[in-house]
>>> print(open('entry21.json').read())   # JSON, C-alpha atoms
[["chain", "number", "residue", "atom", "x", "y", "z"],
["A", 733, "MET", "CA", -99.90, 14.54, -101.52],
["A", 734, "ASN", "CA", -101.17, 17.32, -99.30],
["A", 735, "LYS", "CA", -102.18, 20.80, -100.45],
["A", 736, "CYS", "CA", -103.37, 23.88, -98.61],
["A", 737, "PHE", "CA", -105.38, 26.76, -100.09],
["A", 738, "ILE", "CA", -106.04, 30.13, -98.48],
["A", 739, "LEU", "CA", -109.39, 31.52, -99.65],
["A", 740, "ARG", "CA", -110.88, 34.96, -99.20],
["A", 741, "GLY", "CA", -114.61, 34.90, -98.48],
["A", 742, "ILE", "CA", -117.15, 37.67, -98.65],
["A", 743, "ASN", "CA", -116.68, 38.21, -94.91],
["A", 744, "VAL", "CA", -113.05, 39.24, -95.66],
["A", 745, "ARG", "CA", -111.66, 36.65, -93.24],
["A", 746, "GLY", "CA", -109.38, 34.03, -94.74],
["A", 747, "LYS", "CA", -110.18, 30.32, -94.61],
["A", 748, "THR", "CA", -107.87, 27.35, -94.89],
["A", 749, "ILE", "CA", -108.99, 24.26, -96.79],
["A", 750, "ARG", "CA", -106.79, 21.16, -96.72],
["A", 751, "GLN", "CA", -106.99, 18.98, -99.82],
["A", 752, "PHE", "CA", -105.53, 15.47, -99.63],
["A", 753, "LEU", "CA", -105.16, 13.44, -102.83],
["A", 754, "ILE", "CA", -105.79, 9.98, -101.43],
["A", 755, "ASP", "CA", -104.53, 8.10, -104.48],
["A", 756, "GLY", "CA", -101.72, 10.54, -105.25],
["A", 757, "GLN", "CA", -103.31, 11.75, -108.48],
["A", 758, "ALA", "CA", -105.66, 14.58, -109.43],
["A", 759, "ASP", "CA", -108.25, 12.32, -111.09],
["A", 760, "GLY", "CA", -108.52, 10.03, -108.06],
["A", 761, "ARG", "CA", -110.18, 10.52, -104.69],
["A", 762, "TRP", "CA", -109.89, 13.77, -102.74],
["A", 763, "ALA", "CA", -110.46, 14.41, -99.04],
["A", 764, "SER", "CA", -111.27, 18.02, -98.07],
["A", 765, "GLU", "CA", -111.32, 19.58, -94.61],
["A", 766, "LEU", "CA", -111.99, 23.14, -93.51],
["A", 767, "SER", "CA", -110.14, 24.56, -90.51],
["A", 768, "ASN", "CA", -112.14, 24.60, -87.26],
["A", 769, "TRP", "CA", -114.97, 22.51, -88.73],
["A", 770, "THR", "CA", -116.04, 19.01, -87.73],
["A", 771, "GLY", "CA", -117.28, 18.22, -91.23],
["A", 772, "LYS", "CA", -115.32, 16.45, -93.95],
["A", 773, "ALA", "CA", -115.84, 16.01, -97.68],
["A", 774, "TYR", "CA", -114.78, 13.29, -100.10],
["A", 775, "LYS", "CA", -114.72, 13.78, -103.86],
["A", 776, "ILE", "CA", -114.96, 10.31, -105.42],
["A", 777, "PRO", "CA", -115.00, 9.36, -109.11],
["A", 778, "ARG", "CA", -117.62, 6.72, -109.87],
["A", 779, "THR", "CA", -114.90, 4.26, -110.84],
["A", 780, "TYR", "CA", -113.31, 4.61, -107.39],
["A", 781, "VAL", "CA", -116.38, 3.94, -105.23],
["A", 782, "ASN", "CA", -115.56, 0.27, -104.66],
["A", 783, "ARG", "CA", -112.08, 1.23, -103.46],
["A", 784, "CYS", "CA", -113.52, 3.21, -100.56],
["A", 785, "THR", "CA", -113.56, 0.26, -98.17],
["A", 786, "ASP", "CA", -110.19, 1.64, -97.01],
["A", 787, "ARG", "CA", -112.00, 4.72, -95.59],
["A", 788, "ASP", "CA", -113.97, 3.75, -92.49],
["A", 789, "ASP", "CA", -115.56, 7.18, -92.08],
["A", 790, "ILE", "CA", -117.28, 6.97, -95.49],
["A", 791, "GLU", "CA", -119.58, 4.47, -93.78],
["A", 792, "ASN", "CA", -120.73, 7.29, -91.47],
["A", 793, "THR", "CA", -124.07, 9.08, -91.66],
["A", 794, "GLY", "CA", -124.06, 11.95, -94.13],
["A", 795, "VAL", "CA", -125.32, 13.57, -97.34],
["A", 796, "TYR", "CA", -124.05, 13.24, -100.88],
["A", 797, "PHE", "CA", -124.22, 14.75, -104.37],
["A", 798, "LEU", "CA", -124.09, 12.67, -107.57],
["A", 799, "PHE", "CA", -122.86, 14.73, -110.53],
["A", 800, "GLY", "CA", -123.20, 13.99, -114.24],
["A", 801, "ARG", "CA", -124.56, 15.33, -117.55],
["A", 802, "ASN", "CA", -127.66, 14.91, -119.63],
["A", 803, "ASP", "CA", -126.55, 13.06, -122.78],
["A", 804, "GLU", "CA", -129.10, 14.82, -124.99],
["A", 805, "THR", "CA", -128.76, 18.44, -123.80],
["A", 806, "ASP", "CA", -125.29, 18.30, -122.20],
["A", 807, "ALA", "CA", -126.80, 20.05, -119.17],
["A", 808, "GLU", "CA", -125.10, 19.43, -115.84],
["A", 809, "GLN", "CA", -127.17, 17.24, -113.54],
["A", 810, "VAL", "CA", -127.15, 16.51, -109.83],
["A", 811, "TYR", "CA", -128.89, 14.10, -107.50],
["A", 812, "ILE", "CA", -128.91, 14.96, -103.78],
["A", 813, "GLY", "CA", -129.36, 12.29, -101.13],
["A", 814, "GLU", "CA", -128.75, 11.23, -97.55],
["A", 815, "ALA", "CA", -127.82, 7.93, -95.93],
["A", 816, "GLU", "CA", -126.95, 6.44, -92.58],
["A", 817, "ASN", "CA", -124.19, 4.52, -94.35],
["A", 818, "ILE", "CA", -122.84, 6.63, -97.23],
["A", 819, "LEU", "CA", -120.66, 3.94, -98.83],
["A", 820, "SER", "CA", -123.47, 1.38, -98.85],
["A", 821, "ARG", "CA", -125.81, 3.87, -100.55],
["A", 822, "LEU", "CA", -123.21, 4.83, -103.17],
["A", 823, "LYS", "CA", -122.74, 1.18, -104.07],
["A", 824, "GLN", "CA", -126.51, 0.90, -104.60],
["A", 825, "HIS", "CA", -126.39, 3.89, -106.96],
["A", 826, "LEU", "CA", -123.72, 2.17, -109.07],
["A", 827, "SER", "CA", -126.40, -0.20, -110.34],
["A", 828, "GLU", "CA", -129.45, 2.08, -110.00],
["A", 829, "LYS", "CA", -128.31, 5.36, -111.62],
["A", 830, "ASP", "CA", -126.31, 5.64, -114.83],
["A", 831, "PHE", "CA", -125.96, 9.39, -115.32],
["A", 832, "TRP", "CA", -123.33, 10.22, -112.70],
["A", 833, "THR", "CA", -119.57, 10.19, -113.07],
["A", 834, "GLU", "CA", -118.47, 11.48, -109.67],
["A", 835, "CYS", "CA", -119.87, 12.15, -106.24],
["A", 836, "ILE", "CA", -119.08, 14.44, -103.33],
["A", 837, "VAL", "CA", -120.05, 13.23, -99.88],
["A", 838, "PHE", "CA", -120.14, 15.09, -96.58],
["A", 839, "ILE", "CA", -119.84, 13.43, -93.19],
["A", 840, "SER", "CA", -118.97, 14.55, -89.67],
["A", 841, "LYS", "CA", -115.50, 13.57, -88.48],
["A", 842, "ASP", "CA", -116.91, 12.75, -85.02],
["A", 843, "ASN", "CA", -119.96, 11.03, -86.60],
["A", 844, "ASN", "CA", -122.41, 13.24, -84.68],
["A", 845, "LEU", "CA", -124.90, 13.68, -87.54],
["A", 846, "ASN", "CA", -128.16, 11.85, -86.79],
["A", 847, "LYS", "CA", -131.07, 10.97, -89.08],
["A", 848, "ALA", "CA", -132.92, 14.22, -88.38],
["A", 849, "HIS", "CA", -129.79, 16.25, -89.18],
["A", 850, "ILE", "CA", -129.22, 14.64, -92.57],
["A", 851, "LYS", "CA", -132.91, 14.86, -93.51],
["A", 852, "TYR", "CA", -132.81, 18.58, -92.69],
["A", 853, "LEU", "CA", -129.65, 18.98, -94.78],
["A", 854, "GLU", "CA", -131.06, 17.02, -97.71],
["A", 855, "ASN", "CA", -134.21, 19.15, -97.83],
["A", 856, "HIS", "CA", -132.38, 22.48, -97.66],
["A", 857, "LEU", "CA", -129.66, 21.44, -100.11],
["A", 858, "TYR", "CA", -132.35, 20.41, -102.61],
["A", 859, "ILE", "CA", -134.09, 23.79, -102.25],
["A", 860, "LEU", "CA", -130.84, 25.73, -102.68],
["A", 861, "ALA", "CA", -129.86, 23.70, -105.76],
["A", 862, "LYS", "CA", -133.29, 24.25, -107.33],
["A", 863, "GLN", "CA", -133.16, 27.98, -106.60],
["A", 864, "SER", "CA", -129.70, 28.44, -108.11],
["A", 865, "LYS", "CA", -130.79, 26.69, -111.36],
["A", 866, "ARG", "CA", -127.18, 26.01, -112.24],
["A", 867, "TYR", "CA", -127.76, 22.25, -112.40],
["A", 868, "GLU", "CA", -130.68, 20.08, -113.43],
["A", 869, "VAL", "CA", -131.79, 18.52, -110.13],
["A", 870, "ILE", "CA", -133.03, 15.02, -110.99],
["A", 871, "ASN", "CA", -134.46, 13.90, -107.64],
["A", 872, "SER", "CA", -137.84, 12.37, -108.43],
["A", 873, "ASN", "CA", -139.29, 13.55, -105.10],
["A", 874, "ILE", "CA", -138.82, 16.65, -102.97],
["A", 875, "PRO", "CA", -136.96, 15.55, -99.81],
["A", 876, "ALA", "CA", -139.22, 15.78, -96.77],
["A", 877, "GLU", "CA", -138.68, 18.66, -94.35],
["A", 878, "VAL", "CA", -138.11, 17.70, -90.73],
["A", 879, "SER", "CA", -138.37, 19.66, -87.50],
["A", 880, "ILE", "CA", -135.24, 20.05, -85.41],
["A", 881, "SER", "CA", -134.36, 22.30, -82.48],
["A", 882, "GLU", "CA", -133.27, 25.90, -82.96],
["A", 883, "MET", "CA", -129.77, 24.98, -81.77],
["A", 884, "ASP", "CA", -129.52, 22.13, -84.26],
["A", 885, "ARG", "CA", -130.89, 24.34, -87.08],
["A", 886, "THR", "CA", -128.18, 26.92, -86.47],
["A", 887, "GLU", "CA", -125.51, 24.23, -86.51],
["A", 888, "MET", "CA", -126.86, 22.62, -89.70],
["A", 889, "ASP", "CA", -127.17, 26.00, -91.47],
["A", 890, "GLU", "CA", -123.50, 26.64, -90.70],
["A", 891, "PHE", "CA", -122.76, 23.13, -91.99],
["A", 892, "ILE", "CA", -124.47, 24.07, -95.27],
["A", 893, "ASP", "CA", -122.43, 27.29, -95.57],
["A", 894, "ASN", "CA", -119.22, 25.27, -95.25],
["A", 895, "MET", "CA", -120.48, 22.67, -97.72],
["A", 896, "ARG", "CA", -121.20, 25.44, -100.25],
["A", 897, "LEU", "CA", -117.62, 26.69, -99.92],
["A", 898, "ILE", "CA", -116.05, 23.27, -100.34],
["A", 899, "LEU", "CA", -118.32, 22.35, -103.25],
["A", 900, "GLY", "CA", -117.21, 25.51, -105.04],
["A", 901, "VAL", "CA", -113.54, 24.71, -104.46],
["A", 902, "LEU", "CA", -114.12, 21.20, -105.81],
["A", 903, "GLY", "CA", -115.63, 22.62, -109.00],
["A", 904, "HIS", "CA", -119.37, 22.40, -108.36],
["A", 905, "LYS", "CA", -121.17, 25.68, -107.62],
["A", 906, "VAL", "CA", -124.46, 23.83, -107.38],
["A", 907, "LEU", "CA", -125.60, 25.84, -104.32],
["A", 908, "GLU", "CA", -124.33, 29.24, -105.43],
["A", 909, "PRO", "CA", -126.63, 32.08, -106.52],
["A", 910, "SER", "CA", -125.71, 33.64, -109.85],
["A", 911, "ILE", "CA", -124.59, 36.85, -108.14],
["A", 912, "ARG", "CA", -123.71, 36.70, -104.47],
["A", 913, "ASN", "CA", -124.02, 40.37, -103.52],
["A", 914, "ARG", "CA", -125.88, 43.18, -105.26],
["A", 915, "SER", "CA", -125.49, 45.83, -102.55],
["A", 916, "CYS", "CA", -123.45, 47.98, -104.95],
["A", 917, "GLU", "CA", -125.80, 47.38, -107.89],
["A", 918, "SER", "CA", -125.89, 51.05, -108.90],
["A", 919, "GLU", "CA", -122.12, 51.05, -109.39],
["A", 920, "ASN", "CA", -120.27, 49.37, -112.25],
["A", 921, "VAL", "CA", -123.50, 48.46, -114.03],
["A", 922, "TYR", "CA", -123.52, 48.31, -117.83],
["A", 923, "THR", "CA", -126.52, 48.60, -120.13],
["A", 924, "LEU", "CA", -127.40, 47.34, -123.57],
["A", 925, "GLN", "CA", -130.41, 48.57, -125.52],
["A", 926, "ASP", "CA", -131.82, 49.26, -128.98],
["A", 927, "ARG", "CA", -134.79, 51.08, -130.52],
["A", 928, "SER", "CA", -137.05, 48.01, -130.46],
["A", 929, "GLY", "CA", -137.40, 48.16, -126.68],
["A", 930, "ILE", "CA", -134.76, 45.65, -125.73],
["A", 931, "LYS", "CA", -132.98, 46.86, -122.62],
["A", 932, "ALA", "CA", -130.68, 44.90, -120.37],
["A", 933, "SER", "CA", -128.37, 45.64, -117.47],
["A", 934, "GLY", "CA", -125.37, 43.65, -116.42],
["A", 935, "LYS", "CA", -122.12, 43.67, -114.53],
["A", 936, "LEU", "CA", -118.76, 41.96, -114.51],
["A", 937, "VAL", "CA", -118.49, 39.11, -111.99],
["A", 938, "SER", "CA", -115.76, 36.62, -111.16],
["A", 939, "GLU", "CA", -117.28, 33.96, -113.44],
["A", 940, "GLY", "CA", -117.77, 36.24, -116.45],
["A", 941, "PHE", "CA", -120.65, 38.66, -117.04],
["A", 942, "ALA", "CA", -124.04, 38.64, -115.30],
["A", 943, "VAL", "CA", -127.28, 39.91, -116.81],
["A", 944, "LEU", "CA", -129.44, 41.38, -114.04],
["A", 945, "LYS", "CA", -133.01, 40.56, -113.11],
["A", 946, "GLY", "CA", -135.57, 42.63, -115.05],
["A", 947, "SER", "CA", -133.50, 42.78, -118.23],
["A", 948, "ARG", "CA", -135.46, 42.27, -121.45],
["A", 949, "ILE", "CA", -134.22, 40.17, -124.38],
["A", 950, "SER", "CA", -135.28, 39.98, -128.01],
["A", 951, "SER", "CA", -138.25, 37.72, -128.65],
["A", 952, "ASN", "CA", -136.63, 36.44, -131.85],
["A", 953, "ALA", "CA", -133.25, 35.03, -132.77],
["A", 954, "ALA", "CA", -131.58, 35.89, -136.07],
["A", 955, "PRO", "CA", -131.02, 32.98, -138.51],
["A", 956, "SER", "CA", -127.28, 33.67, -138.32],
["A", 957, "LEU", "CA", -127.16, 33.19, -134.53],
["A", 958, "PRO", "CA", -125.12, 30.02, -133.80],
["A", 959, "ALA", "CA", -127.23, 27.02, -132.80],
["A", 960, "PRO", "CA", -125.58, 26.63, -129.35],
["A", 961, "VAL", "CA", -126.58, 30.21, -128.48],
["A", 962, "VAL", "CA", -130.12, 29.66, -129.79],
["A", 963, "ASN", "CA", -130.35, 26.54, -127.63],
["A", 964, "ARG", "CA", -129.01, 28.48, -124.65],
["A", 965, "ARG", "CA", -131.74, 31.09, -125.05],
["A", 966, "GLN", "CA", -134.39, 28.39, -125.19],
["A", 967, "THR", "CA", -132.98, 26.68, -122.11],
["A", 968, "LEU", "CA", -133.24, 29.95, -120.17],
["A", 969, "ILE", "CA", -136.92, 30.15, -121.14],
["A", 970, "ASP", "CA", -137.58, 26.48, -120.36],
["A", 971, "LYS", "CA", -136.06, 26.89, -116.89],
["A", 972, "GLY", "CA", -138.07, 30.04, -116.17],
["A", 973, "ILE", "CA", -134.94, 32.18, -115.91],
["A", 974, "VAL", "CA", -136.46, 34.21, -118.77],
["A", 975, "ASP", "CA", -140.26, 34.46, -118.58],
["A", 976, "GLY", "CA", -142.94, 34.54, -121.26],
["A", 977, "ASN", "CA", -142.45, 38.29, -121.68],
["A", 978, "TYR", "CA", -138.73, 37.70, -122.40],
["A", 979, "ILE", "CA", -137.63, 39.25, -119.12],
["A", 980, "PHE", "CA", -134.99, 37.79, -116.80],
["A", 981, "THR", "CA", -136.63, 36.66, -113.57],
["A", 982, "GLN", "CA", -133.29, 36.52, -111.74],
["A", 983, "ASP", "CA", -129.66, 37.49, -112.16],
["A", 984, "TRP", "CA", -127.86, 35.08, -114.48],
["A", 985, "THR", "CA", -124.15, 34.70, -115.22],
["A", 986, "PHE", "CA", -122.61, 33.97, -118.63],
["A", 987, "THR", "CA", -119.01, 33.15, -119.41],
["A", 988, "SER", "CA", -118.40, 36.36, -121.38],
["A", 989, "PRO", "CA", -119.93, 39.78, -122.15],
["A", 990, "SER", "CA", -120.32, 38.74, -125.81],
["A", 991, "LEU", "CA", -122.33, 35.64, -124.99],
["A", 992, "ALA", "CA", -124.53, 37.70, -122.65],
["A", 993, "ALA", "CA", -125.04, 40.36, -125.35],
["A", 994, "SER", "CA", -125.85, 37.78, -128.04],
["A", 995, "ILE", "CA", -128.41, 36.13, -125.76],
["A", 996, "VAL", "CA", -130.03, 39.51, -125.15],
["A", 997, "MET", "CA", -130.00, 40.87, -128.70],
["A", 998, "GLY", "CA", -130.71, 37.63, -130.56],
["A", 999, "TYR", "CA", -127.78, 38.05, -132.92],
["A", 1000, "SER", "CA", -124.00, 37.80, -132.65],
["A", 1001, "ILE", "CA", -122.45, 40.92, -131.18],
["A", 1002, "ASN", "CA", -119.20, 41.98, -129.54],
["A", 1003, "GLY", "CA", -120.17, 42.48, -125.92],
["A", 1004, "ARG", "CA", -117.06, 44.43, -125.01],
["A", 1005, "ASN", "CA", -118.18, 47.13, -127.42],
["A", 1006, "ALA", "CA", -121.92, 46.84, -126.78],
["A", 1007, "TRP", "CA", -122.15, 46.97, -122.97],
["A", 1008, "LYS", "CA", -121.73, 50.60, -121.79],
["A", 1009, "ASN", "CA", -121.72, 52.30, -118.41],
["A", 1010, "LYS", "CA", -123.75, 55.38, -117.46],
["A", 1011, "LYS", "CA", -121.05, 57.63, -118.95],
["A", 1012, "GLY", "CA", -121.36, 55.91, -122.33],
["A", 1013, "LEU", "CA", -118.01, 54.13, -122.06],
["A", 1014, "SER", "CA", -117.85, 50.55, -123.29],
["A", 1015, "LEU", "CA", -116.19, 47.69, -121.47],
["A", 1016, "LYS", "CA", -113.40, 47.76, -124.06],
["A", 1017, "GLU", "CA", -112.77, 51.47, -123.56],
["A", 1018, "ILE", "CA", -112.63, 51.07, -119.80],
["A", 1019, "GLU", "CA", -110.24, 48.11, -120.02],
["A", 1020, "GLU", "CA", -107.95, 50.01, -122.41],
["A", 1021, "ARG", "CA", -107.72, 52.86, -119.93]]
>>> encode(input="entry21.json", output="structure tokens")
Amino acid sequence: MNKCFILRGINVRGKTIRQFLIDGQADGRWASELSNWTGKAYKIPRTYVNRCTDRDDIENTGVYFLFGRNDETDAEQVYIGEAENILSRLKQHLSEKDFWTECIVFISKDNNLNKAHIKYLENHLYILAKQSKRYEVINSNIPAEVSISEMDRTEMDEFIDNMRLILGVLGHKVLEPSIRNRSCESENVYTLQDRSGIKASGKLVSEGFAVLKGSRISSNAAPSLPAPVVNRRQTLIDKGIVDGNYIFTQDWTFTSPSLAASIVMGYSINGRNAWKNKKGLSLKEIEER
């Protein structure tokens, strides 16, 4: 089964990604290719790793992501690695690491990635994943940084840009910042505040509603606030996304305006009524217009 998707990027140019369902089913293995790119991605469920002997190029040099969840916190987790033989390394992880349920690997179709290339990729992918804070990165050590030529750096940085795009299409925005572009920050910004000094700014984004860096949240949570939201607030603090002064240190996206508002205020609140633009109009009023 072969599928094609036309995507619109922030550079306005379209991109074509070819998705091939190797086993003819959505929960099996996927092969992904981007037009005019020598790279290739495989999305492989853990239970399918041993079937990959039918794919010679998975034995190429490359980098990989292992995805799973923390059983106690339900937080999404990722392990980032590199190998000169991807399939051999994945088989090792079957016995060494329990947390992961699927992996995404990236190789070069012409097998022109060398050891220095994949070490460079591993280091930069680790840094990007840590900066985004979307996943719990469980690598025990920071991958070593290597020195490569300016020409190779440019090529590998473009490789990373294409990997980010494909990872997003495959359902893992592990390398994505919470908000991609804030050049129009003064427009379409909504605020939420009360007399106690809580003041937050946010905006609608494709994934839901983002609270912007510098926003202040309540230092206390009401007893009536649902436990999952209380835990979410604490997780933001534990990760440093909200600092000790209860201020967001970076932009952060939530699935809805109401969840964002409840996180900020410390009690349950309808975000579509609470978030208002500079004219005093709420999200609900604007949508109804």
>>> closest_residue(input="entry21.json", among="A:Asp893, A:Glu834, A:Glu908, A:Glu816", to="A:Ala861", atoms="all atoms listed in the file")
A:Glu908
>>> atom_distance(input="entry21.json", atom1="atom CA of A:Tyr811", atom2="atom CA of A:Phe799")
6.8 Å
>>> closest_atom_pairs(input="entry21.json", of="stretch 793-842 of chain A", to="stretch 865-888 of chain A", cutoff="7 Å", atoms="all atoms listed in the file", output="JSON lines")
{"residue": "A:Ala807", "atom": "CA", "partner": "A:Glu868", "partner_atom": "CA", "distance": 6.9}
{"residue": "A:Glu808", "atom": "CA", "partner": "A:Tyr867", "partner_atom": "CA", "distance": 5.2}
{"residue": "A:Gln809", "atom": "CA", "partner": "A:Glu868", "partner_atom": "CA", "distance": 4.5}
{"residue": "A:Val810", "atom": "CA", "partner": "A:Val869", "partner_atom": "CA", "distance": 5.1}
{"residue": "A:Tyr811", "atom": "CA", "partner": "A:Ile870", "partner_atom": "CA", "distance": 5.5}
{"residue": "A:Ile812", "atom": "CA", "partner": "A:Asn871", "partner_atom": "CA", "distance": 6.8}
>>> atom_distance(input="entry21.json", atom1="atom CA of A:Glu939", atom2="atom CA of A:His904")
12.8 Å
>>> residues_around(input="entry21.json", residues="A:Asn792", least_positions_apart="3", cutoff="7 Å", atoms="all atoms listed in the file", output="PyMOL selection string")
chain A and resi 789+816-818+839+843
>>> write_last_selection(input="entry21.json", atoms="C-alpha atoms", output="PDB file, in the coordinates of the input")
ATOM      1  CA  ASP A 789    -115.560   7.180 -92.080  1.00  0.00           C
ATOM      2  CA  GLU A 816    -126.950   6.440 -92.580  1.00  0.00           C
ATOM      3  CA  ASN A 817    -124.190   4.520 -94.350  1.00  0.00           C
ATOM      4  CA  ILE A 818    -122.840   6.630 -97.230  1.00  0.00           C
ATOM      5  CA  ILE A 839    -119.840  13.430 -93.190  1.00  0.00           C
ATOM      6  CA  ASN A 843    -119.960  11.030 -86.600  1.00  0.00           C
TER       7      ASN A 843
END
>>> closest_residue(input="entry21.json", among="A:Ala773, A:Leu819, A:Val901, A:Leu1013", to="A:Phe838", atoms="all atoms listed in the file")
A:Ala773
>>> closest_residue(input="entry21.json", among="A:Val961, A:Gly800, A:Leu766, A:Phe980", to="A:Arg896", atoms="all atoms listed in the file")
A:Leu766
>>> residues_around(input="entry21.json", residues="A:Ala758", least_positions_apart="3", cutoff="12 Å", atoms="only C-alpha atoms", output="number ranges by chain")
A: 733-735, 751-755, 761-763, 775-777, 902
>>> atom_distance(input="entry21.json", atom1="atom CA of A:Gln757", atom2="atom CA of A:Lys823")
22.6 Å
>>> closest_residue(input="entry21.json", among="A:Leu826, A:Ala954, A:Ile995, A:Ile1018", to="A:Ile969", atoms="all atoms listed in the file")
A:Ile995
>>> residues_around(input="entry21.json", residues="A:Ser994", least_positions_apart="3", cutoff="10 Å", atoms="only C-alpha atoms", output="list in words")
Ile949, Ser950, Ala953, Leu957, Pro958, Val961, Val962, Arg965, Pro989, Ser990, Leu991, Met997, Gly998, Tyr999, Ser1000, Ile1001, Asn1002, Gly1003 and Ala1006 of chain A
>>> closest_residue(input="entry21.json", among="A:Thr785, A:Thr923, A:Asn768, A:Ser827", to="A:Gly1012", atoms="all atoms listed in the file")
A:Thr923
>>> axis_aligned_box(input="entry21.json", around="stretch 923-930 of chain A", padding_each_side="3 Å", output="JSON")
{"center_x": -132.0, "center_y": 48.4, "center_z": -125.3, "size_x": 16.9, "size_y": 11.4, "size_z": 16.4}
>>> closest_residue(input="entry21.json", among="A:Thr793, A:Gln966, A:Ser928, A:Asn802", to="A:Leu853", atoms="only C-alpha atoms")
A:Thr793
>>> residues_near_point(input="entry21.json", point="(-132.2, 43.9, -116.9)", cutoff="10 Å", atoms="only C-alpha atoms", output="list in words")
Tyr922, Thr923, Leu924, Gln925, Ile930, Lys931, Ala932, Ser933, Gly934, Ala942, Val943, Leu944, Lys945, Gly946, Ser947, Arg948, Ile949, Ile979, Phe980, Thr981, Gln982, Asp983 and Val996 of chain A
>>> decode(input="entry21.json", residues="stretch 997-1010 of chain A", atoms="N, CA, C and O atoms", output="PDB file, in the first residue's frame")
ATOM      1  N   MET A 997      -4.598  29.452  36.433  1.00  0.00           N
ATOM      2  CA  MET A 997      -5.380  29.985  37.551  1.00  0.00           C
ATOM      3  C   MET A 997      -5.362  29.081  38.782  1.00  0.00           C
ATOM      4  O   MET A 997      -5.599  29.545  39.895  1.00  0.00           O
ATOM      5  N   GLY A 998      -5.132  27.786  38.574  1.00  0.00           N
ATOM      6  CA  GLY A 998      -5.127  26.874  39.714  1.00  0.00           C
ATOM      7  C   GLY A 998      -6.500  26.372  40.080  1.00  0.00           C
ATOM      8  O   GLY A 998      -6.675  25.743  41.126  1.00  0.00           O
ATOM      9  N   TYR A 999      -7.482  26.635  39.269  1.00  0.00           N
ATOM     10  CA  TYR A 999      -8.822  26.091  39.464  1.00  0.00           C
ATOM     11  C   TYR A 999      -9.465  25.910  38.102  1.00  0.00           C
ATOM     12  O   TYR A 999      -9.031  26.480  37.107  1.00  0.00           O
ATOM     13  N   SER A1000     -10.514  25.090  38.038  1.00  0.00           N
ATOM     14  CA  SER A1000     -11.160  24.795  36.761  1.00  0.00           C
ATOM     15  C   SER A1000     -11.855  26.036  36.227  1.00  0.00           C
ATOM     16  O   SER A1000     -12.556  26.743  36.968  1.00  0.00           O
ATOM     17  N   ILE A1001     -11.660  26.295  34.944  1.00  0.00           N
ATOM     18  CA  ILE A1001     -12.209  27.498  34.336  1.00  0.00           C
ATOM     19  C   ILE A1001     -12.387  27.265  32.844  1.00  0.00           C
ATOM     20  O   ILE A1001     -11.625  26.516  32.224  1.00  0.00           O
ATOM     21  N   ASN A1002     -13.416  27.887  32.280  1.00  0.00           N
ATOM     22  CA  ASN A1002     -13.673  27.781  30.847  1.00  0.00           C
ATOM     23  C   ASN A1002     -12.740  28.739  30.109  1.00  0.00           C
ATOM     24  O   ASN A1002     -12.918  29.955  30.143  1.00  0.00           O
ATOM     25  N   GLY A1003     -11.761  28.196  29.441  1.00  0.00           N
ATOM     26  CA  GLY A1003     -10.768  29.027  28.774  1.00  0.00           C
ATOM     27  C   GLY A1003     -11.319  29.836  27.620  1.00  0.00           C
ATOM     28  O   GLY A1003     -10.802  30.925  27.320  1.00  0.00           O
ATOM     29  N   ARG A1004     -12.352  29.355  26.988  1.00  0.00           N
ATOM     30  CA  ARG A1004     -12.898  30.102  25.844  1.00  0.00           C
ATOM     31  C   ARG A1004     -13.591  31.378  26.295  1.00  0.00           C
ATOM     32  O   ARG A1004     -13.728  32.313  25.517  1.00  0.00           O
ATOM     33  N   ASN A1005     -13.994  31.418  27.537  1.00  0.00           N
ATOM     34  CA  ASN A1005     -14.554  32.652  28.098  1.00  0.00           C
ATOM     35  C   ASN A1005     -13.470  33.497  28.766  1.00  0.00           C
ATOM     36  O   ASN A1005     -13.553  34.729  28.786  1.00  0.00           O
ATOM     37  N   ALA A1006     -12.448  32.842  29.326  1.00  0.00           N
ATOM     38  CA  ALA A1006     -11.466  33.548  30.149  1.00  0.00           C
ATOM     39  C   ALA A1006     -10.376  34.263  29.346  1.00  0.00           C
ATOM     40  O   ALA A1006      -9.965  35.371  29.700  1.00  0.00           O
ATOM     41  N   TRP A1007      -9.895  33.638  28.281  1.00  0.00           N
ATOM     42  CA  TRP A1007      -8.838  34.264  27.482  1.00  0.00           C
ATOM     43  C   TRP A1007      -9.445  35.364  26.618  1.00  0.00           C
ATOM     44  O   TRP A1007     -10.387  35.122  25.862  1.00  0.00           O
ATOM     45  N   LYS A1008      -8.898  36.606  26.716  1.00  0.00           N
ATOM     46  CA  LYS A1008      -9.452  37.737  25.973  1.00  0.00           C
ATOM     47  C   LYS A1008      -8.352  38.486  25.229  1.00  0.00           C
ATOM     48  O   LYS A1008      -7.202  38.556  25.694  1.00  0.00           O
ATOM     49  N   ASN A1009      -8.728  39.040  24.071  1.00  0.00           N
ATOM     50  CA  ASN A1009      -7.746  39.801  23.296  1.00  0.00           C
ATOM     51  C   ASN A1009      -7.686  41.246  23.813  1.00  0.00           C
ATOM     52  O   ASN A1009      -8.357  41.610  24.774  1.00  0.00           O
ATOM     53  N   LYS A1010      -6.880  42.071  23.167  1.00  0.00           N
ATOM     54  CA  LYS A1010      -6.669  43.440  23.658  1.00  0.00           C
ATOM     55  C   LYS A1010      -7.924  44.303  23.563  1.00  0.00           C
ATOM     56  O   LYS A1010      -8.007  45.359  24.195  1.00  0.00           O
TER      57      LYS A1010
END
